[in-house]
>>> print(open('data-v1.csv').read())   # CSV, C-alpha atoms
chain,number,residue,atom,x,y,z
D,1,MET,CA,-151.7,86.0,-53.5
D,2,ALA,CA,-155.0,87.8,-53.2
D,3,ILE,CA,-156.4,91.1,-54.5
D,4,ILE,CA,-159.1,92.6,-52.2
D,5,THR,CA,-161.3,95.4,-53.5
D,6,PHE,CA,-163.4,97.6,-51.2
D,7,ALA,CA,-166.2,99.0,-53.3
D,8,GLN,CA,-169.4,101.0,-52.6
D,9,VAL,CA,-170.8,103.5,-55.0
D,10,LYS,CA,-171.9,105.7,-52.0
D,11,GLY,CA,-169.2,107.7,-50.2
D,12,GLY,CA,-168.7,107.5,-46.4
D,13,SER,CA,-169.7,103.9,-46.1
D,14,GLY,CA,-166.5,102.7,-44.4
D,15,LYS,CA,-164.4,101.6,-47.5
D,16,THR,CA,-161.3,103.4,-46.6
D,17,THR,CA,-161.3,102.5,-42.9
D,18,ALA,CA,-161.9,98.8,-43.8
D,19,ALA,CA,-159.1,99.0,-46.4
D,20,MET,CA,-156.7,100.5,-43.8
D,21,CYS,CA,-157.6,97.9,-41.2
D,22,THR,CA,-157.2,95.1,-43.8
D,23,VAL,CA,-153.7,96.2,-44.8
D,24,ALA,CA,-152.8,96.5,-41.1
D,25,GLU,CA,-154.1,93.0,-40.4
D,26,LEU,CA,-152.2,91.5,-43.3
D,27,VAL,CA,-149.0,93.2,-42.0
D,28,ALA,CA,-149.8,92.0,-38.4
D,29,ARG,CA,-149.9,88.4,-39.8
D,30,GLY,CA,-146.5,88.8,-41.4
D,31,GLY,CA,-147.7,89.0,-45.0
D,32,SER,CA,-146.5,91.6,-47.5
D,33,ALA,CA,-149.3,94.0,-48.5
D,34,ALA,CA,-149.6,96.8,-51.0
D,35,ALA,CA,-152.5,99.2,-51.7
D,36,LEU,CA,-153.9,101.0,-54.7
D,37,ASP,CA,-155.5,104.2,-53.7
D,38,LEU,CA,-158.1,105.3,-56.3
D,39,ASP,CA,-159.6,107.9,-54.0
D,40,PRO,CA,-158.3,111.3,-55.2
D,41,ASN,CA,-158.1,112.4,-51.5
D,42,ARG,CA,-155.3,109.8,-51.1
D,43,PRO,CA,-156.1,108.9,-47.5
D,44,LEU,CA,-154.2,105.6,-47.5
D,45,SER,CA,-150.6,106.8,-48.0
D,46,GLU,CA,-151.0,109.7,-45.6
D,47,PHE,CA,-152.3,107.3,-42.9
D,48,PHE,CA,-149.7,104.6,-43.5
D,49,GLN,CA,-146.9,107.2,-43.2
D,50,ARG,CA,-148.1,107.9,-39.6
D,51,VAL,CA,-148.0,104.3,-38.5
D,52,PRO,CA,-144.4,103.1,-38.1
D,53,GLU,CA,-145.3,99.4,-38.8
D,54,LEU,CA,-147.1,100.5,-42.1
D,55,ARG,CA,-144.6,103.1,-43.3
D,56,GLU,CA,-143.1,100.6,-45.8
D,57,VAL,CA,-146.4,99.6,-47.3
D,58,GLU,CA,-146.3,100.4,-51.0
D,59,VAL,CA,-149.2,102.6,-52.0
D,60,ALA,CA,-149.8,103.1,-55.8
D,61,VAL,CA,-151.8,105.9,-57.2
D,62,PRO,CA,-153.1,106.1,-60.8
D,63,SER,CA,-151.5,108.1,-63.5
D,64,ALA,CA,-152.4,108.9,-67.1
D,65,GLU,CA,-149.7,106.5,-68.4
D,66,ARG,CA,-150.7,103.4,-66.5
D,67,ARG,CA,-154.1,101.7,-66.4
D,68,VAL,CA,-155.5,100.3,-63.2
D,69,SER,CA,-155.1,96.7,-64.3
D,70,SER,CA,-151.4,97.4,-65.1
D,71,LEU,CA,-150.9,99.0,-61.7
D,72,VAL,CA,-152.5,96.1,-59.8
D,73,ARG,CA,-150.4,93.6,-61.8
D,74,GLU,CA,-147.2,95.5,-60.9
D,75,LEU,CA,-148.2,95.5,-57.2
D,76,ALA,CA,-149.2,91.9,-57.3
D,77,SER,CA,-145.9,90.9,-58.8
D,78,ARG,CA,-144.1,92.3,-55.8
D,79,HIS,CA,-146.4,91.6,-52.9
D,80,ASP,CA,-148.5,88.8,-51.5
D,81,ASN,CA,-151.6,90.8,-51.2
D,82,VAL,CA,-153.0,93.9,-52.8
D,83,VAL,CA,-155.8,96.0,-51.3
D,84,ILE,CA,-157.8,98.4,-53.5
D,85,ASP,CA,-159.7,101.4,-52.2
D,86,LEU,CA,-162.1,103.0,-54.6
D,87,MET,CA,-163.6,106.5,-54.8
D,88,GLY,CA,-167.1,106.6,-53.2
D,89,ALA,CA,-169.0,106.9,-56.4
D,90,ALA,CA,-170.0,104.9,-59.5
D,91,THR,CA,-166.8,105.6,-61.4
D,92,ASN,CA,-165.0,104.1,-64.4
D,93,ASP,CA,-162.8,102.4,-61.9
D,94,THR,CA,-165.5,100.5,-60.0
D,95,GLN,CA,-165.9,97.5,-62.2
D,96,VAL,CA,-162.3,97.4,-63.3
D,97,ALA,CA,-161.2,97.1,-59.6
D,98,MET,CA,-163.9,94.4,-59.1
D,99,ALA,CA,-162.9,92.4,-62.2
D,100,VAL,CA,-159.3,92.2,-61.0
D,101,ALA,CA,-160.2,91.1,-57.5
D,102,ASP,CA,-160.3,87.8,-55.7
D,103,LEU,CA,-162.6,89.3,-53.1
D,104,VAL,CA,-165.0,92.3,-53.3
D,105,VAL,CA,-166.1,93.7,-50.0
D,106,VAL,CA,-169.1,96.1,-50.1
D,107,PRO,CA,-169.2,98.1,-46.8
D,108,SER,CA,-172.6,99.4,-46.0
D,109,GLN,CA,-174.0,101.5,-43.2
D,110,MET,CA,-177.6,101.4,-42.1
D,111,SER,CA,-179.3,104.1,-44.2
D,112,GLY,CA,-181.6,103.5,-47.1
D,113,THR,CA,-179.1,105.2,-49.4
D,114,ASP,CA,-176.4,102.8,-48.2
D,115,LEU,CA,-178.6,99.9,-48.9
D,116,LYS,CA,-179.7,101.1,-52.3
D,117,CYS,CA,-176.1,101.9,-53.4
D,118,GLY,CA,-174.8,98.7,-51.7
D,119,VAL,CA,-177.2,96.6,-53.8
D,120,GLU,CA,-176.1,98.4,-56.9
D,121,THR,CA,-172.5,97.8,-56.0
D,122,TRP,CA,-173.2,94.1,-55.4
D,123,ARG,CA,-174.9,93.8,-58.8
D,124,GLN,CA,-171.9,95.4,-60.4
D,125,ALA,CA,-169.7,92.8,-58.7
D,126,VAL,CA,-171.9,90.0,-60.0
D,127,GLU,CA,-171.6,91.4,-63.5
D,128,ALA,CA,-167.8,91.8,-63.1
D,129,ALA,CA,-167.6,88.1,-62.3
D,130,GLU,CA,-169.7,87.3,-65.3
D,131,ILE,CA,-167.6,89.4,-67.6
D,132,SER,CA,-164.4,87.9,-66.2
D,133,ASN,CA,-165.8,84.4,-66.5
D,134,ARG,CA,-164.4,83.5,-63.1
D,135,ALA,CA,-165.5,83.2,-59.5
D,136,ILE,CA,-165.0,86.4,-57.4
D,137,ALA,CA,-165.7,86.1,-53.7
D,138,LYS,CA,-168.1,88.8,-52.5
D,139,GLY,CA,-169.6,90.0,-49.3
D,140,VAL,CA,-171.4,92.9,-47.8
D,141,LEU,CA,-169.8,94.2,-44.7
D,142,LEU,CA,-172.2,96.1,-42.4
D,143,ALA,CA,-170.4,99.0,-40.9
D,144,ARG,CA,-170.9,101.3,-37.9
D,145,THR,CA,-173.2,98.7,-36.3
D,146,SER,CA,-174.0,98.7,-32.6
D,147,ALA,CA,-170.9,97.4,-30.8
D,148,GLY,CA,-173.0,96.1,-28.0
D,149,ALA,CA,-174.4,92.6,-27.7
D,150,LEU,CA,-177.9,93.8,-28.7
D,151,ARG,CA,-178.4,94.2,-32.4
D,152,PRO,CA,-180.8,96.9,-33.4
D,153,ARG,CA,-183.8,96.1,-35.4
D,154,VAL,CA,-182.5,98.0,-38.4
D,155,GLU,CA,-179.5,95.8,-38.7
D,156,ALA,CA,-181.6,92.6,-39.0
D,157,PHE,CA,-183.8,94.4,-41.5
D,158,LEU,CA,-180.8,95.4,-43.6
D,159,ARG,CA,-179.5,91.9,-43.6
D,160,GLU,CA,-182.9,90.7,-44.8
D,161,GLN,CA,-183.0,93.3,-47.6
D,162,TYR,CA,-179.5,92.3,-48.9
D,163,MET,CA,-180.4,88.7,-48.7
D,164,ARG,CA,-183.5,89.4,-50.7
D,165,VAL,CA,-181.4,90.4,-53.7
D,166,GLY,CA,-179.1,87.4,-53.2
D,167,ALA,CA,-176.2,89.3,-51.6
D,168,HIS,CA,-174.1,87.6,-49.0
D,169,VAL,CA,-173.7,89.6,-45.8
D,170,LEU,CA,-170.8,88.8,-43.5
D,171,ALA,CA,-171.9,87.6,-40.1
D,172,ALA,CA,-169.3,89.8,-38.5
D,173,SER,CA,-169.9,93.5,-38.8
D,174,PHE,CA,-167.7,96.6,-38.3
D,175,GLY,CA,-168.8,97.9,-35.0
D,176,ASP,CA,-169.3,101.6,-34.3
D,177,ARG,CA,-166.3,102.2,-32.0
D,178,ALA,CA,-164.3,105.2,-30.9
D,179,ALA,CA,-161.2,103.3,-31.8
D,180,TRP,CA,-162.0,103.4,-35.6
D,181,LYS,CA,-163.0,107.1,-35.5
D,182,GLU,CA,-159.8,108.0,-33.6
D,183,MET,CA,-157.5,105.8,-35.7
D,184,THR,CA,-156.5,108.4,-38.3
D,185,TYR,CA,-155.6,110.9,-35.5
D,186,SER,CA,-154.0,108.5,-33.0
D,187,ALA,CA,-152.3,106.2,-35.5
D,188,HIS,CA,-153.3,103.5,-33.0
D,189,ILE,CA,-154.6,100.5,-34.9
D,190,PRO,CA,-156.3,98.1,-32.4
D,191,HIS,CA,-155.4,94.8,-34.1
D,192,LEU,CA,-151.8,96.0,-34.8
D,193,HIS,CA,-151.1,97.5,-31.4
D,194,ASP,CA,-153.5,95.8,-28.9
D,195,ARG,CA,-154.8,92.5,-30.3
D,196,GLN,CA,-156.6,91.6,-27.1
D,197,SER,CA,-158.8,94.7,-27.2
D,198,ASN,CA,-162.5,94.4,-28.2
D,199,ALA,CA,-162.0,96.5,-31.3
D,200,ALA,CA,-159.2,94.3,-32.4
D,201,GLN,CA,-161.2,91.2,-31.9
D,202,ASN,CA,-164.0,92.8,-33.8
D,203,PHE,CA,-161.9,93.4,-36.9
D,204,ILE,CA,-160.0,90.1,-36.7
D,205,ALA,CA,-163.4,88.4,-36.9
D,206,VAL,CA,-164.3,90.4,-40.0
D,207,PHE,CA,-160.9,89.6,-41.5
D,208,GLU,CA,-161.2,85.9,-40.8
D,209,GLU,CA,-164.5,85.8,-42.5
D,210,MET,CA,-163.1,87.7,-45.5
D,211,MET,CA,-160.4,85.0,-45.8
D,212,ASP,CA,-163.0,82.3,-45.6
D,213,LEU,CA,-164.9,83.9,-48.5
D,214,ILE,CA,-161.7,83.8,-50.6
D,215,ARG,CA,-161.0,80.2,-49.7
D,216,SER,CA,-164.5,79.2,-50.7
D,217,ALA,CA,-164.2,80.9,-54.1
D,218,VAL,CA,-160.7,79.7,-55.1
D,219,PRO,CA,-159.9,76.1,-56.2
D,220,SER,CA,-158.2,74.0,-53.5
D,221,GLY,CA,-154.4,74.1,-53.4
D,222,VAL,CA,-154.2,77.8,-54.3
D,223,PRO,CA,-152.6,79.9,-51.5
D,224,VAL,CA,-154.9,82.4,-49.9
D,225,ALA,CA,-154.0,85.8,-48.5
D,226,GLY,CA,-153.4,86.1,-44.7
D,227,ALA,CA,-152.9,82.3,-44.5
D,228,ALA,CA,-149.4,83.0,-43.2
D,229,SER,CA,-150.8,83.8,-39.7
I,1,MET,CA,-112.0,48.0,-24.9
I,2,THR,CA,-111.1,47.7,-28.6
I,3,GLY,CA,-114.8,47.4,-29.6
I,4,ARG,CA,-115.3,51.1,-29.5
I,5,GLN,CA,-112.7,51.6,-32.3
I,6,ASP,CA,-114.5,49.1,-34.5
I,7,ARG,CA,-117.7,51.0,-34.6
I,8,PRO,CA,-118.5,52.5,-38.0
I,9,ARG,CA,-117.8,56.2,-38.5
I,10,LEU,CA,-120.8,58.5,-38.4
I,11,GLN,CA,-121.4,60.3,-41.7
I,12,ALA,CA,-123.1,63.6,-41.9
I,13,PRO,CA,-126.3,63.5,-44.1
I,14,ASP,CA,-126.8,65.9,-46.9
I,15,LEU,CA,-128.8,68.8,-45.4
I,16,SER,CA,-128.7,71.1,-48.4
I,17,PRO,CA,-132.1,72.5,-49.4
I,18,PRO,CA,-134.0,70.5,-52.1
I,19,THR,CA,-133.9,71.9,-55.6
I,20,ARG,CA,-137.3,72.7,-57.0
I,21,PRO,CA,-138.1,71.6,-60.5
I,22,SER,CA,-139.1,75.2,-61.4
I,23,GLY,CA,-135.8,76.5,-60.3
I,24,GLY,CA,-137.0,78.8,-57.5
I,25,THR,CA,-140.1,80.5,-56.0
I,26,PRO,CA,-142.9,80.6,-58.5
I,27,PRO,CA,-143.9,84.1,-59.7
I,28,ARG,CA,-146.8,85.7,-57.9
I,29,THR,CA,-148.6,86.4,-61.1
I,30,ALA,CA,-148.5,84.6,-64.4
I,31,ASP,CA,-148.5,86.4,-67.8
I,32,ASP,CA,-151.9,84.9,-68.6
I,33,ASP,CA,-153.5,85.6,-65.3
I,34,PRO,CA,-157.2,86.0,-66.2
I,35,ARG,CA,-157.8,88.7,-63.6
I,36,PHE,CA,-155.8,91.3,-65.4
I,37,ALA,CA,-157.1,90.4,-68.9
I,38,ALA,CA,-160.7,90.8,-67.7
I,39,ALA,CA,-160.0,94.1,-66.0
I,40,ALA,CA,-158.2,95.5,-69.1
I,41,ARG,CA,-161.2,94.8,-71.2
I,42,LEU,CA,-163.2,97.1,-69.0
I,43,GLU,CA,-160.7,99.9,-69.4
I,44,THR,CA,-161.2,100.6,-73.1
I,45,HIS,CA,-163.0,103.7,-74.3
I,46,ASP,CA,-165.8,101.6,-75.7
I,47,ALA,CA,-166.4,99.9,-72.3
I,48,PHE,CA,-166.3,103.3,-70.7
I,49,LEU,CA,-169.0,104.6,-73.1
I,50,ARG,CA,-171.2,101.6,-72.5
I,51,GLY,CA,-170.8,102.1,-68.7
I,52,VAL,CA,-171.9,105.7,-69.1
I,53,GLN,CA,-174.8,104.8,-71.3
I,54,ASP,CA,-176.2,102.1,-69.0
I,55,GLY,CA,-175.7,104.2,-65.9
I,56,ARG,CA,-172.9,102.1,-64.3
I,57,VAL,CA,-170.5,105.0,-64.6
I,58,ARG,CA,-171.9,108.2,-63.2
I,59,VAL,CA,-168.7,109.9,-62.2
I,60,VAL,CA,-165.5,110.0,-64.2
I,61,ASN,CA,-162.2,109.7,-62.5
I,62,PRO,CA,-160.0,112.0,-64.6
I,63,GLU,CA,-156.9,110.2,-63.4
I,64,THR,CA,-158.0,106.9,-64.9
I,65,ALA,CA,-160.6,107.7,-67.7
I,66,PRO,CA,-159.6,105.9,-70.8
I,67,PRO,CA,-158.3,108.2,-73.5
I,68,ARG,CA,-160.5,108.9,-76.5
I,69,PRO,CA,-159.2,107.0,-79.5
I,70,PRO,CA,-157.6,109.1,-82.2
I,71,GLU,CA,-160.0,110.3,-84.8
I,72,PRO,CA,-159.5,109.1,-88.3
I,73,VAL,CA,-157.3,111.3,-90.3
I,74,PRO,CA,-159.4,113.4,-92.7
I,75,ALA,CA,-158.9,112.7,-96.4
I,76,ARG,CA,-156.5,115.1,-98.1
I,77,ARG,CA,-157.5,116.4,-101.5
I,78,ARG,CA,-154.8,116.8,-104.1
I,79,SER,CA,-156.1,120.2,-105.2
I,80,PRO,CA,-158.7,122.7,-103.9
I,81,GLU,CA,-162.3,122.3,-104.9
I,82,THR,CA,-164.0,124.7,-107.3
I,83,SER,CA,-167.6,125.0,-108.3
I,84,LEU,CA,-168.8,123.8,-111.7
I,85,SER,CA,-172.2,124.9,-113.1
I,86,THR,CA,-173.6,123.3,-116.1
I,87,ARG,CA,-177.0,122.4,-117.8
I,88,VAL,CA,-178.2,118.9,-118.2
I,89,PRO,CA,-181.5,117.4,-119.3
I,90,GLU,CA,-184.1,117.3,-116.6
I,91,SER,CA,-184.5,113.6,-116.9
I,92,VAL,CA,-180.7,113.1,-116.2
I,93,LEU,CA,-180.9,115.2,-113.1
I,94,GLN,CA,-184.0,113.2,-111.9
I,95,GLN,CA,-182.1,110.0,-112.4
I,96,LEU,CA,-179.1,111.3,-110.4
I,97,ARG,CA,-181.4,112.4,-107.6
I,98,LEU,CA,-183.2,109.0,-107.6
I,99,ARG,CA,-179.9,107.2,-107.4
I,100,TYR,CA,-178.8,109.4,-104.5
I,101,ALA,CA,-182.0,108.6,-102.7
I,102,GLU,CA,-181.4,104.9,-103.3
I,103,THR,CA,-177.7,104.6,-102.7
I,104,GLY,CA,-176.7,107.7,-100.7
I,105,VAL,CA,-174.0,108.5,-103.3
I,106,THR,CA,-174.1,112.3,-103.9
I,107,ILE,CA,-174.7,113.7,-107.3
I,108,ARG,CA,-171.2,115.1,-107.2
I,109,ASN,CA,-169.7,111.7,-106.5
I,110,GLN,CA,-171.9,110.0,-109.1
I,111,ILE,CA,-170.4,112.4,-111.7
I,112,LEU,CA,-166.8,112.0,-110.5
I,113,LEU,CA,-167.1,108.2,-110.4
I,114,ALA,CA,-168.5,108.1,-113.9
I,115,LEU,CA,-165.7,110.4,-115.1
I,116,ARG,CA,-163.1,108.2,-113.5
I,117,ARG,CA,-164.6,105.1,-115.1
I,118,ASP,CA,-164.3,107.0,-118.4
I,119,GLY,CA,-160.6,107.4,-117.8
I,120,LEU,CA,-160.1,110.7,-116.0
I,121,GLU,CA,-157.5,110.6,-113.3
I,122,ILE,CA,-159.5,111.2,-110.0
I,123,ALA,CA,-157.9,110.1,-106.8
I,124,GLU,CA,-159.9,108.3,-104.1
I,125,ASP,CA,-159.3,111.2,-101.6
I,126,ASP,CA,-160.9,113.5,-104.2
I,127,ILE,CA,-164.0,111.5,-104.2
I,128,GLN,CA,-164.5,112.2,-100.4
I,129,ASP,CA,-167.3,114.7,-100.1
I,130,GLU,CA,-166.3,117.1,-97.3
I,131,ARG,CA,-169.8,118.4,-97.2
I,132,LYS,CA,-170.9,115.0,-95.8
I,133,ARG,CA,-168.2,114.9,-93.0
I,134,PRO,CA,-169.7,115.1,-89.6
I,135,ARG,CA,-169.2,118.4,-87.8
I,136,ARG,CA,-167.0,118.4,-84.7
>>> encode(input="data-v1.csv", output="C-alpha cells")
Amino acid sequence: MAIITFAQVKGGSGKTTAAMCTVAELVARGGSAAALDLDPNRPLSEFFQRVPELREVEVAVPSAERRVSSLVRELASRHDNVVIDLMGAATNDTQVAMAVADLVVVPSQMSGTDLKCGVETWRQAVEAAEISNRAIAKGVLLARTSAGALRPRVEAFLREQYMRVGAHVLAASFGDRAAWKEMTYSAHIPHLHDRQSNAAQNFIAVFEEMMDLIRSAVPSGVPVAGAAS
Amino acid sequence: MTGRQDRPRLQAPDLSPPTRPSGGTPPRTADDDPRFAAAARLETHDAFLRGVQDGRVRVVNPETAPPRPPEPVPARRRSPETSLSTRVPESVLQQLRLRYAETGVTIRNQILLALRRDGLEIAEDDIQDERKRPRR
C-alpha cells in the first residue's frame, strides 16, 4: 500500500495531470486506487467521471469535520494506493500531505519560478521526512519537456540546479505532448487506452521510476504500489 | 488380469486453501501507522501558526485550516465591582507601587490578597483584574 503525493507550491506545474495519469496507471495495472483532491477546483473527480475505467475511483475531498490525515487513513484502509493532489500554493496542507506520503513527487516546468518553487517544495519534503522521523521517497519530475530525442539546454541546466541543492530528479520526464493537453477533453488516457503509443510509453517510464523510488525507500519485504502489474 | 484390481485406490489430496495464522488478509493500515501520526502533528493550530510565521504556509486552505482552539473562559465575579477611594500614608502607597513594579501584582490585588489573608471572604475569581485582560 502506497501513498503518493504530488506537491509543488507553484500552480500550473503539472501536478494534477501527473496525479490523473498515476491513478490511471495504477488502475491499468489492476491495483485499487483512490485519490484525495485538495485542489478546491476539484479537477480529479470531474475527470474520472468522464473516463469509464476510472468512474469507480473513490475521490475524497476535505471537510471541516475530517482532517487530511484522517481522510488519507480512511482511503488507505480501503484501497491499495492513495494519490494526493495538492493546491498549487504553499498551503497548510502541503507538509501534511508530504508527511503522510511514501513518495512525494515535485513536478516542475522549465521556468525560473518553477525551479525556485520546486526547490522550496523539495526542502519542505525533506523537513516533512525529518519531522516524521521516517524515510519518504522524493523526486522532482520535469514536466512539459521536449518530447523529441534532443533535450534542450535549459532542461540540462534545470537538472543541474536541482542537483545543486541535493534534489533527486527523475531521469524520465513528462514530455510536452498534445495527448496530455487533450486528455481532459477527450477522456483518452494514452497508457490506459493505447499502451503502445509514444505518450503511453513516456508516462509508463515515469511511473516505473516512481515505483523504483518507493522501493528504494521502504524496507525490503514491504509490498509496493503498482507491483501487481 | 487380476493385477489391475490389486492396485491401491487413488486418494484425492486436500486442496483446501491454507489457513493463515493471522486469520485472513492483513489490514492495509495498522492503528500505529507512523505516517498518520506524523501528519496529524502538523495539523494542529500551533503547527499551522508556526508554518505561517516561518513562511512555509502562505495560503490558507479554508477547507482544511485547523480550527482556533477555544479561548479560556473568562473568570466570573460573584458580584459587580465598585470603586473604593480612601486615603493612606504616602509611604504605604510607595511600597505598594514598588511591589507592583517588582512582582506585577496590581495595587488592587495586593489589597484584596492582604484582606483575604486577614480572613475576609474573597473568591479567586474576584481577584482576577479585568483591567489586565488582553483586549480582543
>>> residues_around(input="data-v1.csv", residues="Ala99 of chain D", least_positions_apart="5", cutoff="8 Å", atoms="all atoms listed in the file", output="PDB file with C-alpha atoms, keeping the file's coordinate frame")
ATOM      1  CA  ALA D 125    -169.700  92.800 -58.700  1.00  0.00           C
ATOM      2  CA  ALA D 128    -167.800  91.800 -63.100  1.00  0.00           C
ATOM      3  CA  ALA D 129    -167.600  88.100 -62.300  1.00  0.00           C
ATOM      4  CA  ILE D 131    -167.600  89.400 -67.600  1.00  0.00           C
ATOM      5  CA  SER D 132    -164.400  87.900 -66.200  1.00  0.00           C
ATOM      6  CA  ILE D 136    -165.000  86.400 -57.400  1.00  0.00           C
TER       7      ILE D 136
ATOM      8  CA  ARG I  35    -157.800  88.700 -63.600  1.00  0.00           C
ATOM      9  CA  PHE I  36    -155.800  91.300 -65.400  1.00  0.00           C
ATOM     10  CA  ALA I  38    -160.700  90.800 -67.700  1.00  0.00           C
ATOM     11  CA  ALA I  39    -160.000  94.100 -66.000  1.00  0.00           C
TER      12      ALA I  39
END
>>> interface_residues(input="data-v1.csv", of="chain D", to="chain I", cutoff="6 Å", atoms="all atoms listed in the file", output="JSON, numbers by chain")
{"D": [63, 64, 69, 77, 90, 91, 92, 96, 99, 100, 132]}
>>> atom_distance(input="data-v1.csv", atom1="atom CA of Arg159 of chain D", atom2="atom CA of Val105 of chain D")
15.0 Å
>>> closest_residue(input="data-v1.csv", among="D:Asn81, D:Thr5, D:Asn41, D:Ser70", to="Ala24 of chain D", atoms="all atoms listed in the file")
D:Asn81
>>> atom_distance(input="data-v1.csv", atom1="atom CA of Arg78 of chain I", atom2="atom CA of Ala123 of chain I")
7.9 Å
>>> closest_residue(input="data-v1.csv", among="I:Ser91, I:Asp14, I:Arg77, I:Leu84", to="Ile111 of chain I", atoms="all atoms listed in the file")
I:Leu84
>>> atom_distance(input="data-v1.csv", atom1="atom CA of Val206 of chain D", atom2="atom CA of Ala19 of chain D")
11.9 Å
